[in-house]
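Below is one structure, written out as structure tokens, with a few remarks after it.
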Number of protein chains: 2
Amino acid sequence: MVREKLNGRSRVIIEAASPQVDGGAFPAKRVAGDVVIAEADIFADGHDLISAVVRHRHENETDWRDVRMRALVNDRWRAEFPVEELGFHVFTIEAWIDHFLTWHRDLNKRVDGGAADDELRVQLQIGLQYIQSAAARANSRDQRKFEPYLASLKSNDAINDIIDDLQSEDLLALMWRNAERKFLTRYPLELKIEVDRPKAAYSTWYELFPRSTASQEGRHGTFADVERQLPRIVRMGFDVLYLPPIHPVGIKFRKGKNNTVNAEPADVGSPWAIGSSEGGHKATHPQLGTIDDFARLVTKAKEQGIEVAMDIAFQASPDHPYVKEHPAWFLMRPDGTIQYAENPPKKYQDIYPFHFESEEWEPLWDELRDVFAFWIGKGVRVFRVDNPHTKPLPFWEWCIRDLKREWPDLIFLAEAFTRPKIMYRLAKAGFTQSYTYFAWRHTKQELTEYFEELSKPPVSDFFRPNVWPNTPDILTEFLQYGGRGAFAMRLILAATLASSYGIYGPPFERYIGSAIKHGSEEYLDSEKYQIRHWPQTEDDLTELIALVNRIRRENPALQQNATLKFHETDNDQVLCYSKSYGDNVIVTVVNLDPHNAHSAWIELDLDALSLDPLRNYQVHDLLSGARHSWHGPRNFIKLDPNVVPAHIFRIRRKVRTERDFEYFL
Amino acid sequence: MVREKLNGRSRVIIEAASPQVDGGAFPAKRVAGDVVIAEADIFADGHDLISAVVRHRHENETDWRDVRMRALVNDRWRAEFPVEELGFHVFTIEAWIDHFLTWHRDLNKRVDGGAADDELRVQLQIGLQYIQSAAARANSRDQRKFEPYLASLKSNDAINDIIDDLQSEDLLALMWRNAERKFLTRYPLELKIEVDRPKAAYSTWYELFPRSTASQEGRHGTFADVERQLPRIVRMGFDVLYLPPIHPVGIKFRKGKNNTVNAEPADVGSPWAIGSSEGGHKATHPQLGTIDDFARLVTKAKEQGIEVAMDIAFQASPDHPYVKEHPAWFLMRPDGTIQYAENPPKKYQDIYPFHFESEEWEPLWDELRDVFAFWIGKGVRVFRVDNPHTKPLPFWEWCIRDLKREWPDLIFLAEAFTRPKIMYRLAKAGFTQSYTYFAWRHTKQELTEYFEELSKPPVSDFFRPNVWPNTPDILTEFLQYGGRGAFAMRLILAATLASSYGIYGPPFERYIGSAIKHGSEEYLDSEKYQIRHWPQTEDDLTELIALVNRIRRENPALQQNATLKFHETDNDQVLCYSKSYGDNVIVTVVNLDPHNAHSAWIELDLDALSLDPLRNYQVHDLLSGARHSWHGPRNFIKLDPNVVPAHIFRIRRKVRTERDFEYFL
């Protein structure tokens, strides 16, 4: 370090500003309406007082807005600012030795310590210099306000009277507004906050295969059929309808029912084997309908309060038009054939991966970005991206940022079931939401550890979990053998542990647990390879789903994850956790055993819930409607999975007692 | 982000490299002979194999040295490299998709999976391309070594024979040496390692006041008197002799005995009130001797294996020559007087602090740096800096770095008893060692939490604790009332918990606990304000001190902190911890109660100590000389503070049993 580069008189140090992701390399994520809590360690040599501000602006603005920071404990400082506009906000921190404040504090200490008049006179001379200097910087309005203080300091009034005048809060405010910020220190980074729309943080997803939505068995479903399903799905409380790929399906090496290698002529193939002579990623499968039909579905859904999420899977069937039009986008082998997807010795000959190390990688990037742009043009704003971890991370970082610059309301859900650091990096690279390991977390310890990791910084600053009890690829052993109770329990866990969750709906509603074979998580007769028909059934889970989603909608505590807190229970099969948002406090208690009833003493952390240990509080079970009056931390619960595996209690902090009656006051 | 700035085909991601202090803003500290363990998270999209290297060099070198990294678990990678030369080393990380390795792994998977010959032939063509490309990059020696592999691949030999040839480790080594590193990713930071000499990490300090070293009571001690003390101090096992300031002492506002405001004519004043008409920071107090006398002491000490540490206190008495020569270095008040040190309403009129916001701050910085350089010129290499937290942090960062560029063997100990973040920042700014809160940590929980914080990253990467049970400013209540046992116990704790420790010797040896008054940590008749005489006494702690320091010298486990590990005990008054270095394992057990004997079951973490739970191990108490044979984790101990308050066990991992006899094998 060269001294010339230092401002050696900038004595204040600013460290560890937050929120901060990887040293500022990535933005922290928030949604419109959030209040950003910005903090830093701020200190200096000696005993002088410090003043500090957070400076923030939307990246499209040029002027900074300053918010004064306040000291917490242990040299940690904080300020808060709301974010409304979508896109990137930036903030940094400035701090300086506040000689006026230091002088002001010390003046009062001198007075309290019985300082002699001549000492105080010298001090008033020093103070006069500070105030004159501030007045000289002030605008004319403030200058007028400074005048009485300057007059007092220059007067021959009694010292005590002058010092009394200096205690004015107005003077302190004037001095703050006109602070010199001499030798200020600026935090070396400008940190980014990416502000998404609220649905990025709170969303409820429903997945179905459009081709399975026909009213009569045997017919290929259409976008119009999906349209007819919308009211039912909206009634259940979902706000995103996610459709697997809607493009033409490849013919060469098409997979048959139950993933057999040789398809029968009537087999419809996997929607993820994208592309045929009928088109590729910018076309619709003719049997589903036209692009206009699809755009109409998107519009109709939006009118009913639900958005259509498209599945974007960047891979091609051997029949995809790209293969002929852009052979350089695929890896050619020395024998002149194109490299199909492999995980030796397994072969996926129906899929050609893109060759991202191609000399023509830039046109390839442009085209893939244009696939999104094309569907955005049809009204889509939510995308579920298939296997993003098999495409380069720098591509995603560029692609998502580039699209969101134009359409900041886009939402991208990363379907990456891979190693943790890759999942996290995809989120840093720009994915709005991410699939998680939730489907495979079952025990109290697993759920507690995982959701504590997900709900706290650093992870919660960049990774937004979207938890799914099932998907077309994942029918867990737990669901295969747990029966109705297991589905109900996993639904409630998903919906209350995470502010975003989803279900692969038709088989979930019907608690279908049939796998293709023991030890596999693949559905028997999976919709991935064939059309299914889903007639109305009795005693399905739709009412419970609708109730749980209504509880989510009515309780803002369940629409965020930051306040998630686990509470002790004395039974390993009983999980208890709370979320709160202002006065809205939800305590969920779940029996994790899908087969047997369990009871437990739960031990609520009353402090964390801001509950008075000396007063009763009301718990209102939003699932059963029952209300109880509880007192203190320890309370008894019993849950039978064959009835309902959980309580979702809303806590009322104040319960009227006779002490509240007027004659008692 | 603009795509043009990206190399979009660099698919590998490198994150969270370590050691790393504050995003690379500061170096991690090591000493010569250490092995640096460099790690990072390294991953990419898809299933391709990655190769990675740590590149490192001394900052004076231009060429990087590469060390291949190996994958640990969860995408964490590691390489190690030794550091010998003092000064700054830098390292960074490079990683790339290793297409050859990926192909090689997949070829074997194909073979195992029973791939058809025509498939394998295509694969061999691909492999030939990789190897030809590497051979083209190779030097002529390596090119010759490539030849047989190329010949095999081009031959008409049986496929199995060709594939057998490809399994050669030599081929893998050749390919590694000539790897293309195509589209490599470089970690965005070059991280620094500051390498100090070993004494920075392991040192044993003894403090005395030179003016109290005269052989007859009443005479002012001299440097020659200190010289006569050296053999005794060296025999006790100390390797740093720290002297409070040796400069002329100010007269104006001089403090009298026991910190009284008005000194008697005979009072000698505080050595920290530096400067008089006889000189300032570059002079010696005439009664101690000349600069040459001092230089002679420094040399004589070095010859006996102990270094003299000077105390540098950047402040001036009102009589200091600087006050007249450089009035701009002090803050002038409106009444024309110089601002003395204050903490209102307390006044320290015998001390003028430097005014670091002066317009003449640059000459001030230069002069202060020159104070160090002056004494370095007299042979000093170790400095204890008084109250560095009352001087600007940017000054220290510049001053220490600037001095160490010329003299990389310098050691600076920061005497900053202030808030934790400031203490840590001083260490980041360049201080080699730091005083700690050890003197005020007494309970099992306090000691465990504090030393766990100090011995692990991030703190251990930049902060080297030097722990002192007492100093001339700190006679803790614990020592005031604990008696001999308390001193012995705090000595052993300091010497075994931290690789660097020190004592303010004369009163410590004599376990003097007399404070000036109840509730104060000031010594009665403190040497800070008067000359004391320390005649030889009976039953002092010198033998215990010598023994403890010999144990430290003979056991490398105690010369570092990184392996510190606390073990469970079932008595809150009994603390148990271990340190290990290779085969050298030390387990210390301390009775924290200075008054009563305590017994406890200790539960050793055998795994952490690499002890076989099925075999006996020997514990050898290096304090008492006793040896015991222990088995398993749980063992019983009993410690009486009136005898000796601790065990310092050396663990012998292998104890011969009959199973070790030859006839048993």
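Every chain in the structure tokens takes a letter, A first, then B, and so on in the order presented; its residues are numbered from 1, and the ligands are numbered from 1 following the presented order.
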Counting only C-alpha atoms, give me one row per residue of chain B with an atom at most 7 Å from an atom of chain A, showing the shortest contact pair and its distance in Å to one decimal, sorted by chain then residue number, as a Markdown table.
```
| residue | atom | partner | partner_atom | distance |
| --- | --- | --- | --- | --- |
| B:Met1 | CA | A:Trp398 | CA | 6.8 |
| B:Arg3 | CA | A:Trp398 | CA | 6.6 |
| B:Gly8 | CA | A:Pro394 | CA | 5.9 |
| B:Arg9 | CA | A:Glu357 | CA | 5.5 |
| B:Arg11 | CA | A:Pro392 | CA | 5.4 |
| B:Gly23 | CA | A:Gly23 | CA | 6.3 |
| B:Asp45 | CA | A:Thr390 | CA | 4.8 |
| B:Gly46 | CA | A:Thr390 | CA | 4.3 |
| B:Asp106 | CA | A:Pro344 | CA | 6.0 |
| B:Lys109 | CA | A:Pro344 | CA | 5.9 |
| B:Arg110 | CA | A:Pro345 | CA | 5.2 |
| B:Gly113 | CA | A:Pro345 | CA | 5.3 |
| B:Val122 | CA | A:Asp335 | CA | 6.5 |
| B:Gln125 | CA | A:Pro334 | CA | 6.6 |
| B:Ile126 | CA | A:Pro334 | CA | 6.6 |
| B:Pro334 | CA | A:Ile126 | CA | 6.6 |
| B:Asp335 | CA | A:Val122 | CA | 6.4 |
| B:Pro344 | CA | A:Arg110 | CA | 5.8 |
| B:Pro345 | CA | A:Arg110 | CA | 5.2 |
| B:Phe356 | CA | A:Arg9 | CA | 6.8 |
| B:Glu357 | CA | A:Arg9 | CA | 5.5 |
| B:His389 | CA | A:Asp45 | CA | 5.0 |
| B:Thr390 | CA | A:Gly46 | CA | 4.3 |
| B:Lys391 | CA | A:Asp45 | CA | 5.6 |
| B:Pro392 | CA | A:Asp45 | CA | 5.4 |
| B:Leu393 | CA | A:Arg11 | CA | 6.6 |
| B:Pro394 | CA | A:Gly8 | CA | 5.9 |
| B:Phe395 | CA | A:Gly8 | CA | 6.6 |
| B:Trp398 | CA | A:Arg3 | CA | 6.5 |
```
Could you write out that same residue set with N, CA and C atoms as a PDB file, in the first residue's frame?
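Result file is result_21.pdb:
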```pdb
ATOM      1  N   MET B   1     -23.752  -6.994 -16.289  1.00  0.00           N
ATOM      2  CA  MET B   1     -22.600  -7.676 -16.872  1.00  0.00           C
ATOM      3  C   MET B   1     -22.733  -7.734 -18.392  1.00  0.00           C
ATOM      4  N   ARG B   3     -21.708  -9.402 -21.922  1.00  0.00           N
ATOM      5  CA  ARG B   3     -21.232 -10.715 -22.320  1.00  0.00           C
ATOM      6  C   ARG B   3     -19.825 -10.652 -22.875  1.00  0.00           C
ATOM      7  N   GLY B   8     -17.325 -16.872 -21.981  1.00  0.00           N
ATOM      8  CA  GLY B   8     -18.525 -17.668 -21.736  1.00  0.00           C
ATOM      9  C   GLY B   8     -18.267 -19.157 -21.716  1.00  0.00           C
ATOM     10  N   ARG B   9     -17.096 -19.555 -22.155  1.00  0.00           N
ATOM     11  CA  ARG B   9     -16.818 -20.990 -22.166  1.00  0.00           C
ATOM     12  C   ARG B   9     -15.973 -21.420 -20.965  1.00  0.00           C
ATOM     13  N   ARG B  11     -16.268 -22.704 -17.898  1.00  0.00           N
ATOM     14  CA  ARG B  11     -17.418 -23.283 -17.211  1.00  0.00           C
ATOM     15  C   ARG B  11     -17.169 -23.556 -15.740  1.00  0.00           C
ATOM     16  N   GLY B  23     -12.238 -10.902   2.424  1.00  0.00           N
ATOM     17  CA  GLY B  23     -12.275 -10.805   0.967  1.00  0.00           C
ATOM     18  C   GLY B  23     -10.928 -10.463   0.346  1.00  0.00           C
ATOM     19  N   ASP B  45     -20.859 -27.053 -14.360  1.00  0.00           N
ATOM     20  CA  ASP B  45     -22.070 -27.721 -14.823  1.00  0.00           C
ATOM     21  C   ASP B  45     -21.731 -29.132 -15.286  1.00  0.00           C
ATOM     22  N   GLY B  46     -22.749 -29.979 -15.255  1.00  0.00           N
ATOM     23  CA  GLY B  46     -22.619 -31.302 -15.839  1.00  0.00           C
ATOM     24  C   GLY B  46     -21.735 -32.245 -15.053  1.00  0.00           C
ATOM     25  N   ASP B 106     -14.642 -42.071 -18.555  1.00  0.00           N
ATOM     26  CA  ASP B 106     -15.796 -42.612 -19.262  1.00  0.00           C
ATOM     27  C   ASP B 106     -15.420 -43.825 -20.121  1.00  0.00           C
ATOM     28  N   LYS B 109     -15.564 -46.642 -17.896  1.00  0.00           N
ATOM     29  CA  LYS B 109     -16.957 -46.983 -17.565  1.00  0.00           C
ATOM     30  C   LYS B 109     -17.615 -47.705 -18.743  1.00  0.00           C
ATOM     31  N   ARG B 110     -17.275 -47.282 -19.941  1.00  0.00           N
ATOM     32  CA  ARG B 110     -17.835 -47.950 -21.122  1.00  0.00           C
ATOM     33  C   ARG B 110     -17.370 -49.400 -21.185  1.00  0.00           C
ATOM     34  N   GLY B 113     -19.075 -51.345 -18.715  1.00  0.00           N
ATOM     35  CA  GLY B 113     -20.485 -51.506 -19.081  1.00  0.00           C
ATOM     36  C   GLY B 113     -20.684 -52.413 -20.297  1.00  0.00           C
ATOM     37  N   VAL B 122     -14.564 -45.548 -31.747  1.00  0.00           N
ATOM     38  CA  VAL B 122     -14.823 -44.108 -31.844  1.00  0.00           C
ATOM     39  C   VAL B 122     -14.179 -43.400 -30.655  1.00  0.00           C
ATOM     40  N   GLN B 125     -10.501 -42.974 -31.048  1.00  0.00           N
ATOM     41  CA  GLN B 125     -10.195 -41.859 -31.956  1.00  0.00           C
ATOM     42  C   GLN B 125     -10.225 -40.520 -31.206  1.00  0.00           C
ATOM     43  N   ILE B 126     -11.236 -40.398 -30.331  1.00  0.00           N
ATOM     44  CA  ILE B 126     -11.341 -39.149 -29.549  1.00  0.00           C
ATOM     45  C   ILE B 126     -10.121 -39.003 -28.644  1.00  0.00           C
ATOM     46  N   PRO B 334      -8.840  27.104  21.238  1.00  0.00           N
ATOM     47  CA  PRO B 334      -9.005  28.529  20.924  1.00  0.00           C
ATOM     48  C   PRO B 334      -8.278  29.446  21.910  1.00  0.00           C
ATOM     49  N   ASP B 335      -8.000  28.941  23.118  1.00  0.00           N
ATOM     50  CA  ASP B 335      -7.312  29.806  24.088  1.00  0.00           C
ATOM     51  C   ASP B 335      -5.800  29.714  23.935  1.00  0.00           C
ATOM     52  N   PRO B 344     -13.449  13.214  29.424  1.00  0.00           N
ATOM     53  CA  PRO B 344     -14.175  14.090  30.349  1.00  0.00           C
ATOM     54  C   PRO B 344     -15.064  13.319  31.312  1.00  0.00           C
ATOM     55  N   PRO B 345     -15.097  13.654  32.562  1.00  0.00           N
ATOM     56  CA  PRO B 345     -14.390  14.800  33.140  1.00  0.00           C
ATOM     57  C   PRO B 345     -12.957  14.495  33.568  1.00  0.00           C
ATOM     58  N   PHE B 356      -3.749  13.569  14.857  1.00  0.00           N
ATOM     59  CA  PHE B 356      -3.573  12.866  13.575  1.00  0.00           C
ATOM     60  C   PHE B 356      -4.391  13.474  12.440  1.00  0.00           C
ATOM     61  N   GLU B 357      -5.280  14.406  12.773  1.00  0.00           N
ATOM     62  CA  GLU B 357      -6.002  15.097  11.697  1.00  0.00           C
ATOM     63  C   GLU B 357      -5.290  16.390  11.297  1.00  0.00           C
ATOM     64  N   HIS B 389      -4.850   1.542  19.718  1.00  0.00           N
ATOM     65  CA  HIS B 389      -6.241   1.829  19.330  1.00  0.00           C
ATOM     66  C   HIS B 389      -6.597   3.291  19.518  1.00  0.00           C
ATOM     67  N   THR B 390      -5.668   4.104  20.035  1.00  0.00           N
ATOM     68  CA  THR B 390      -5.955   5.542  20.109  1.00  0.00           C
ATOM     69  C   THR B 390      -5.201   6.304  19.016  1.00  0.00           C
ATOM     70  N   LYS B 391      -4.633   5.559  18.073  1.00  0.00           N
ATOM     71  CA  LYS B 391      -4.026   6.172  16.888  1.00  0.00           C
ATOM     72  C   LYS B 391      -4.741   5.596  15.664  1.00  0.00           C
ATOM     73  N   PRO B 392      -4.810   6.347  14.564  1.00  0.00           N
ATOM     74  CA  PRO B 392      -5.640   5.890  13.448  1.00  0.00           C
ATOM     75  C   PRO B 392      -5.169   4.552  12.861  1.00  0.00           C
ATOM     76  N   LEU B 393      -6.136   3.718  12.554  1.00  0.00           N
ATOM     77  CA  LEU B 393      -5.819   2.416  11.959  1.00  0.00           C
ATOM     78  C   LEU B 393      -5.088   2.548  10.622  1.00  0.00           C
ATOM     79  N   PRO B 394      -5.445   3.523   9.777  1.00  0.00           N
ATOM     80  CA  PRO B 394      -4.686   3.632   8.519  1.00  0.00           C
ATOM     81  C   PRO B 394      -3.203   3.927   8.761  1.00  0.00           C
ATOM     82  N   PHE B 395      -2.915   4.650   9.844  1.00  0.00           N
ATOM     83  CA  PHE B 395      -1.502   4.898  10.153  1.00  0.00           C
ATOM     84  C   PHE B 395      -0.769   3.589  10.407  1.00  0.00           C
ATOM     85  N   TRP B 398      -0.157   1.479   7.268  1.00  0.00           N
ATOM     86  CA  TRP B 398       0.951   1.986   6.456  1.00  0.00           C
ATOM     87  C   TRP B 398       2.290   1.772   7.151  1.00  0.00           C
TER      88      TRP B 398
END
```
List the spatial neighbours of Glu307 in chain A as a compact mmCIF listing (two decimals) with N, CA, C and O atoms, in the first residue's frame - criterion: any atom at most 8 Å away, only C-alpha atoms, same-chain residues fewer than 5 positions off excluded.
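As written to disk, selection-v7.txt reads:
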```txt
# COMPACT_ATOMS: atom_id res chain seq x y z
N ASP A 239 -51.50 -20.07 -7.38
CA ASP A 239 -51.33 -18.85 -8.17
C ASP A 239 -50.31 -19.00 -9.29
O ASP A 239 -50.01 -18.04 -10.00
N VAL A 240 -49.73 -20.21 -9.42
CA VAL A 240 -48.89 -20.50 -10.59
C VAL A 240 -49.30 -21.87 -11.10
O VAL A 240 -49.39 -22.83 -10.33
N LEU A 241 -49.55 -21.94 -12.40
CA LEU A 241 -49.87 -23.22 -13.03
C LEU A 241 -48.70 -23.58 -13.93
O LEU A 241 -48.44 -22.91 -14.94
N VAL A 298 -52.76 -18.29 -21.34
CA VAL A 298 -51.97 -17.43 -20.46
C VAL A 298 -52.82 -16.24 -20.00
O VAL A 298 -52.85 -15.90 -18.81
N ALA A 301 -55.77 -17.32 -17.69
CA ALA A 301 -55.27 -17.65 -16.36
C ALA A 301 -55.01 -16.38 -15.57
O ALA A 301 -55.46 -16.24 -14.43
N LYS A 302 -54.31 -15.44 -16.20
CA LYS A 302 -53.99 -14.19 -15.52
C LYS A 302 -55.27 -13.51 -15.02
O LYS A 302 -55.30 -12.96 -13.92
N VAL A 380 -45.93 -14.80 -21.06
CA VAL A 380 -45.40 -15.61 -19.95
C VAL A 380 -44.39 -14.79 -19.16
O VAL A 380 -43.59 -14.05 -19.73
N ARG A 381 -44.46 -14.88 -17.83
CA ARG A 381 -43.51 -14.18 -16.97
C ARG A 381 -42.85 -15.12 -15.96
O ARG A 381 -41.99 -14.69 -15.19
N VAL A 382 -43.29 -16.37 -15.95
CA VAL A 382 -42.73 -17.33 -15.00
C VAL A 382 -42.19 -18.54 -15.77
O VAL A 382 -42.90 -19.10 -16.61
```
Exercise. Which of these residues is nearest to Ser155 in chain A, using only C-alpha atoms: A:Leu128, A:Thr588, A:Asn466, A:Ala200?
Worked result: A:Leu128
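Residues lying within 12 Å of Arg70 in chain A, counting only C-alpha atoms and ignoring same-chain neighbours fewer than 6 positions away, are Ile37, Ala38, Glu39, Ala40, Asp41, Ile42, Leu49, Ile50, Ser51, Ala52, Val53, Val54, Arg76, Trp77, Arg78, Ala79, Glu80 and Ala95 of chain A.
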For this session: Within range 389-487 of chain B, find each residue whose DSSP state, derived from the backbone, is helix (DSSP H, G or I), and express the selection as a VMD selection string.
Result: chain B and resid 389 to 390 393 to 406 420 to 429 438 to 440 444 to 455 459 to 462 477 to 487
Exercise. Could you pull the residues within 10 Å of Ala136 in chain B, counting only C-alpha atoms, minus those fewer than 5 positions along the same chain, as a PyMOL selection string?
Worked result: chain B and resi 131+142-143+146+178
Output C-alpha atoms of each residue in that selection to a file, as a PDB file, in the first residue's frame.
```pdb
ATOM      1  CA  ILE B 131      -3.089 -37.145 -26.696  1.00  0.00           C
ATOM      2  CA  ASP B 142       7.939 -35.553 -23.121  1.00  0.00           C
ATOM      3  CA  GLN B 143       7.263 -35.920 -26.827  1.00  0.00           C
ATOM      4  CA  PHE B 146       4.220 -39.830 -25.726  1.00  0.00           C
ATOM      5  CA  ASN B 178       0.985 -30.959 -20.773  1.00  0.00           C
TER       6      ASN B 178
END
```
Exercise. Among range 523-577 of chain B, which ones does DSSP place in strand (DSSP E or B), written as a list in words?
Worked result: Tyr523, Lys565, Phe566, His567, Glu568, Thr569, Val574, Leu575, Cys576 and Tyr577 of chain B
For this session: Do a neighbour search on Met310 in chain A at 9 Å with only C-alpha atoms, toss out local chain neighbours closer than 2 positions, and write the hits as a VMD selection string.
Result: chain A and resid 241 to 246 308 312 375 380 to 385
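With only C-alpha atoms as the atoms that count, the residue of B:Thr213, B:Thr299, B:Thr92, B:Gln132 with the shortest distance to Leu189 in chain B is B:Thr92.
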Skipping near chain neighbours, those fewer than 6 positions away, what residues fall within 9 Å of Glu527 in chain A using only C-alpha atoms, listed as a short mmCIF file (atom, residue, chain, number, x, y, z; two decimals) with C-alpha atoms, in the first residue's frame?
```
data_model
loop_
_atom_site.label_atom_id
_atom_site.label_comp_id
_atom_site.auth_asym_id
_atom_site.auth_seq_id
_atom_site.Cartn_x
_atom_site.Cartn_y
_atom_site.Cartn_z
CA PHE A 209 -49.58 -32.28 -18.00
CA ARG A 211 -52.13 -33.54 -22.65
CA SER A 212 -53.81 -35.34 -19.73
CA LYS A 257 -44.75 -46.06 -21.87
CA ASN A 258 -42.92 -46.51 -18.57
CA SER A 270 -41.62 -37.43 -23.40
CA PRO A 472 -43.23 -36.20 -12.03
#
```
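Nearest-residue note for His220 in chain B: choosing from B:Arg235, B:Gly33, B:Arg532, B:Ile93, the minimum distance belongs to B:Arg532, counting only C-alpha atoms.
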Give me the residues near Ala427 in chain A as a compact mmCIF listing (two decimals) with N, CA, C and O atoms, in the first residue's frame, where near means some atom within 10 Å (using only C-alpha atoms) and where sequence neighbours in that chain fewer than 6 positions away do not count.
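See selection_36.txt below for the written result:
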```
# COMPACT_ATOMS: atom_id res chain seq x y z
N PHE A 26 -22.57 -10.88 -5.96
CA PHE A 26 -23.95 -11.15 -6.35
C PHE A 26 -24.89 -10.29 -5.51
O PHE A 26 -24.55 -9.90 -4.39
N LYS A 29 -31.31 -10.75 -2.46
CA LYS A 29 -32.63 -10.72 -3.06
C LYS A 29 -33.70 -10.22 -2.09
O LYS A 29 -33.75 -10.68 -0.94
N TRP A 396 -26.17 -18.74 -17.58
CA TRP A 396 -27.36 -18.33 -16.82
C TRP A 396 -27.21 -16.92 -16.28
O TRP A 396 -28.14 -16.13 -16.28
N GLU A 397 -26.02 -16.64 -15.79
CA GLU A 397 -25.82 -15.32 -15.19
C GLU A 397 -26.06 -14.24 -16.24
O GLU A 397 -26.72 -13.23 -15.98
N PHE A 412 -37.75 -17.03 -12.46
CA PHE A 412 -37.12 -18.25 -12.96
C PHE A 412 -36.97 -19.24 -11.81
O PHE A 412 -36.32 -18.92 -10.81
N LEU A 413 -37.54 -20.40 -11.97
CA LEU A 413 -37.39 -21.47 -10.96
C LEU A 413 -36.37 -22.48 -11.48
O LEU A 413 -36.54 -23.05 -12.56
N ALA A 414 -35.32 -22.69 -10.70
CA ALA A 414 -34.26 -23.62 -11.11
C ALA A 414 -34.60 -25.04 -10.67
O ALA A 414 -34.71 -25.32 -9.48
N LYS A 421 -23.58 -26.87 -3.47
CA LYS A 421 -22.91 -25.63 -3.88
C LYS A 421 -23.31 -25.20 -5.29
O LYS A 421 -23.34 -24.02 -5.60
N GLN A 433 -36.12 -18.56 -7.85
CA GLN A 433 -36.50 -19.58 -6.88
C GLN A 433 -35.77 -20.88 -7.25
O GLN A 433 -35.30 -21.02 -8.38
N SER A 434 -35.72 -21.80 -6.29
CA SER A 434 -34.98 -23.03 -6.52
C SER A 434 -35.70 -24.22 -5.90
O SER A 434 -36.22 -24.13 -4.79
N VAL A 459 -27.58 -17.96 3.23
CA VAL A 459 -28.36 -18.63 2.19
C VAL A 459 -29.62 -17.84 1.84
O VAL A 459 -29.95 -17.62 0.67
N ASP A 461 -30.29 -14.89 1.74
CA ASP A 461 -30.10 -13.66 0.97
C ASP A 461 -30.10 -13.90 -0.53
O ASP A 461 -30.30 -12.97 -1.30
N PHE A 462 -29.82 -15.13 -0.95
CA PHE A 462 -29.76 -15.36 -2.40
C PHE A 462 -30.57 -16.55 -2.88
O PHE A 462 -30.84 -16.66 -4.07
N PHE A 463 -30.98 -17.44 -1.99
CA PHE A 463 -31.63 -18.69 -2.40
C PHE A 463 -33.05 -18.70 -1.85
O PHE A 463 -33.25 -18.63 -0.64
N ARG A 464 -34.04 -18.77 -2.75
CA ARG A 464 -35.43 -18.81 -2.31
C ARG A 464 -35.97 -20.21 -2.56
O ARG A 464 -36.20 -20.59 -3.71
N PRO A 465 -36.21 -20.96 -1.51
CA PRO A 465 -36.67 -22.34 -1.70
C PRO A 465 -38.11 -22.41 -2.22
O PRO A 465 -38.97 -21.64 -1.79
```
